[in-house]
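Worksheet: the structure to be examined is printed underneath.
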Amino acid sequence: MADDVLSQSEIDKLLAQFASGEADAETMQKEESTKKIKTYDFKRPDKFSKDQIRTLNMLHDNFARLFNTYLSTYLRALVSVEVASVEQLTYQEFVQSLSNPSVIGILAVPPLKGNIIMEMNSGIAFSIIDRVFGGQGENTINPRVLTEIEEAVIRRIFDKALGHLREAWFNVVQFNPKIEAIESNPQFAQIVPPSDMVVIITLQTKIGGAEGFMNICIPYLVLEPIMSKLTTTFWVAANISKEEHPEHEDMIRQKLRKTKVPVIIQMGQFDISVREFLSLSYGDVLQLDTRVDDELKCIVGNNTKFYCRPGTSGKKAAVQITRLITEGDEGTNG
């Protein structure tokens, strides 16, 4: 049978073991006759395949990079957010693994049905709060329930995290996550029955000297309608062809419209020596190299893009663009 055929490398390995005395035929025969049994618990059946777990890992690895960039900028500190593990277990096992008190965000993810949980270790939460309030980000506060002001700070962090989560999932499903409640006691966060299967994405988070974990808990019932899309093949194909999606183009276009660039109108220029510059005083007149009827250069960013003429608009100084400078025109560099 095909299963009984050994490769050449396996044959060479066996011959080497026999020659060195590391193995004998009798021992190998006993090992072969021993049945290999894998324990399967019918109380907690596997709902997610290995390929789906791998896809979830890649999705949230992208989320971790986005969230890492945001926290580093917002807190002005050295931050590291990485996916530590992705595993499936019952909801009861997940709840029992959480500390009390903790920072638990219960999230709605329409149009998907049901809720998911984003849980933050209290040590990380208080490190963020300390940093926001002007501290060094040290976790010197004993675990306790958040005050209203502290909860407002963490809610803002969650809001930003949800935006990055939506962006990370964009090629698989488009949902609009929003916070429904923030709880401190895990027993009050019952989003599914205890025996239901969930997938837990654990993110190892470091903020300065503080270190802890964030957990994203997604029930199987939430992902069931899109399970066919949670494959490596679909995810890779969606990333390759994402430029073809008009929604993706609209998102990029909206971000570009909000981008601010400096615009400078160059009235003219002149050359003087250092001696002349040092001798300048109030009332001196400097003659530019442009005439009254000459067009002025409009510099956008670092490049000269337009020619224009000066004037007024109401009571404000203004310019009117007369023509576009195309590549290769004289004086296109700012």
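As shown in the structure tokens, the chain order sets the letters A, B, ...; within each chain, residues go from 1, and ligands are also counted from 1 in the order they appear.
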
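Using only C-alpha atoms, the residues found no farther than 6 Å from Ala84 in chain A, other than those of its own chain fewer than 2 positions away, are Thr202, Leu203 and Gln204 of chain A.
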
Could you pull out the helix (DSSP H, G or I) residues of range 5-228 of chain A, going by DSSP on the backbone, and write them as number ranges by chain?
A: 8-20, 25-33, 50-75, 91-97, 122-132, 148-168, 186-188, 220-228

Discussion item. Excluding Val261 in chain A and its own-chain neighbours fewer than 2 positions away, which residues fall within 10 Å of it when counting only C-alpha atoms? Please give them as number ranges by chain.
Written reply: A: 258-259, 263-264, 300-302

Based on the selection just made, write N, CA and C atoms of those residues as a tab-separated table (two decimals), in the first residue's frame.
chain	number	residue	atom	x	y	z
A	258	LYS	N	-8.66	64.97	3.49
A	258	LYS	CA	-8.42	65.55	4.82
A	258	LYS	C	-6.95	65.89	5.04
A	259	THR	N	-6.09	65.50	4.10
A	259	THR	CA	-4.66	65.76	4.25
A	259	THR	C	-4.37	67.24	4.00
A	263	VAL	N	0.68	75.72	1.05
A	263	VAL	CA	0.63	76.39	-0.26
A	263	VAL	C	1.33	77.75	-0.11
A	264	ILE	N	2.33	77.98	-0.93
A	264	ILE	CA	3.15	79.20	-0.85
A	264	ILE	C	3.11	79.93	-2.19
A	300	VAL	N	2.99	74.08	-4.05
A	300	VAL	CA	2.19	73.18	-3.20
A	300	VAL	C	3.12	72.11	-2.66
A	301	GLY	N	3.24	72.07	-1.34
A	301	GLY	CA	4.22	71.16	-0.74
A	301	GLY	C	5.62	71.63	-1.08
A	302	ASN	N	6.36	70.82	-1.83
A	302	ASN	CA	7.71	71.20	-2.26
A	302	ASN	C	7.81	71.39	-3.76

- Item | Picked from range 93-154 of chain A by DSSP as strand (DSSP E or B), as number ranges by chain | A: 103-108, 115-120

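Neighbouring residues of range 143-158 of chain A at 7 Å or closer, counting only C-alpha atoms and skipping chain neighbours under 4 positions away, are Pro101, Ser122, Ile129, Leu162 and Ser184 of chain A.
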
Can you write out the residues you just picked, keeping all heavy atoms, as a short mmCIF file (atom, residue, chain, number, x, y, z; two decimals), in the first residue's frame?
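part_2.cif written:
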data_model
loop_
_atom_site.label_atom_id
_atom_site.label_comp_id
_atom_site.auth_asym_id
_atom_site.auth_seq_id
_atom_site.Cartn_x
_atom_site.Cartn_y
_atom_site.Cartn_z
N PRO A 101 -11.40 42.90 39.60
CA PRO A 101 -12.02 43.58 38.45
C PRO A 101 -11.14 43.56 37.20
O PRO A 101 -9.93 43.37 37.29
CB PRO A 101 -12.21 45.00 38.96
CG PRO A 101 -11.06 45.19 39.90
CD PRO A 101 -10.84 43.85 40.56
N SER A 122 -6.25 45.16 33.69
CA SER A 122 -6.31 46.40 34.47
C SER A 122 -4.96 47.08 34.57
O SER A 122 -4.87 48.31 34.64
CB SER A 122 -6.86 46.10 35.88
OG SER A 122 -6.04 45.15 36.54
N ILE A 129 -3.99 55.23 31.48
CA ILE A 129 -4.59 56.35 32.21
C ILE A 129 -3.50 57.23 32.82
O ILE A 129 -3.55 58.47 32.74
CB ILE A 129 -5.56 55.84 33.28
CG1 ILE A 129 -6.78 55.21 32.62
CG2 ILE A 129 -6.00 56.96 34.21
CD1 ILE A 129 -7.67 54.43 33.56
N LEU A 162 -11.68 50.14 17.90
CA LEU A 162 -12.76 49.61 17.06
C LEU A 162 -12.61 50.07 15.62
O LEU A 162 -12.92 49.33 14.68
CB LEU A 162 -14.12 50.03 17.62
CG LEU A 162 -14.48 49.50 19.01
CD1 LEU A 162 -15.90 49.87 19.38
CD2 LEU A 162 -14.29 48.00 19.07
N SER A 184 -16.82 45.73 34.75
CA SER A 184 -15.61 45.41 35.51
C SER A 184 -15.63 43.98 36.03
O SER A 184 -14.58 43.40 36.29
CB SER A 184 -15.45 46.39 36.69
OG SER A 184 -16.58 46.33 37.54
#

Distance query Glu87 in chain A at most 12 Å, only C-alpha atoms, self and fewer than 3 positions along chain excluded, as a PyMOL selection string:
chain A and resi 46-50+52-54+56-57+83-84+90-91+93-94+197-203+215-219

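One finds CA of Gly163 in chain A at 19.6 Å from CA of Thr55 in chain A.
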
Counting only C-alpha atoms, closest pick from A:Glu82, A:Val132, A:Ile179, A:Tyr74 relative to Ile106 in chain A is A:Ile179

(request) Fewer than 4 positions away in the same chain doesn't count, so skip those; otherwise give me all residues within 9 Å of Val319 in chain A, counting only C-alpha atoms, as a list in words. (result) Ile265, Leu296, Cys308, Arg309, Pro310, Gly311, Thr312 and Ser313 of chain A

Just N, CA, C and O atoms for this one: save the residues we selected as an mmCIF file, in the first residue's frame.
data_model
loop_
_atom_site.group_PDB
_atom_site.id
_atom_site.type_symbol
_atom_site.label_atom_id
_atom_site.label_comp_id
_atom_site.auth_asym_id
_atom_site.auth_seq_id
_atom_site.Cartn_x
_atom_site.Cartn_y
_atom_site.Cartn_z
ATOM 1 N N ILE A 265 2.890 81.220 -2.137
ATOM 2 C CA ILE A 265 2.950 82.057 -3.343
ATOM 3 C C ILE A 265 4.280 82.796 -3.333
ATOM 4 O O ILE A 265 4.567 83.567 -2.412
ATOM 5 N N LEU A 296 2.926 84.799 -10.934
ATOM 6 C CA LEU A 296 3.662 84.338 -9.756
ATOM 7 C C LEU A 296 3.588 82.815 -9.677
ATOM 8 O O LEU A 296 2.661 82.187 -10.190
ATOM 9 N N CYS A 308 -0.020 81.986 -11.117
ATOM 10 C CA CYS A 308 -1.185 82.732 -10.657
ATOM 11 C C CYS A 308 -0.903 84.234 -10.689
ATOM 12 O O CYS A 308 0.233 84.660 -10.897
ATOM 13 N N ARG A 309 -1.964 85.030 -10.482
ATOM 14 C CA ARG A 309 -1.839 86.486 -10.415
ATOM 15 C C ARG A 309 -2.426 86.968 -9.093
ATOM 16 O O ARG A 309 -3.450 86.450 -8.635
ATOM 17 N N PRO A 310 -1.786 87.943 -8.465
ATOM 18 C CA PRO A 310 -2.266 88.433 -7.171
ATOM 19 C C PRO A 310 -3.481 89.338 -7.320
ATOM 20 O O PRO A 310 -3.719 89.934 -8.376
ATOM 21 N N GLY A 311 -4.277 89.401 -6.241
ATOM 22 C CA GLY A 311 -5.445 90.266 -6.233
ATOM 23 C C GLY A 311 -6.077 90.237 -4.849
ATOM 24 O O GLY A 311 -5.417 89.925 -3.852
ATOM 25 N N THR A 312 -7.339 90.555 -4.790
ATOM 26 C CA THR A 312 -8.060 90.526 -3.516
ATOM 27 C C THR A 312 -9.388 89.804 -3.696
ATOM 28 O O THR A 312 -9.957 89.774 -4.788
ATOM 29 N N SER A 313 -9.878 89.233 -2.593
ATOM 30 C CA SER A 313 -11.206 88.625 -2.551
ATOM 31 C C SER A 313 -11.898 89.202 -1.328
ATOM 32 O O SER A 313 -11.613 88.805 -0.201
#

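Closest to Gln187 in chain A among A:Leu288, A:Val274, A:Leu280, A:Ile104 is A:Ile104, based on only C-alpha atoms.
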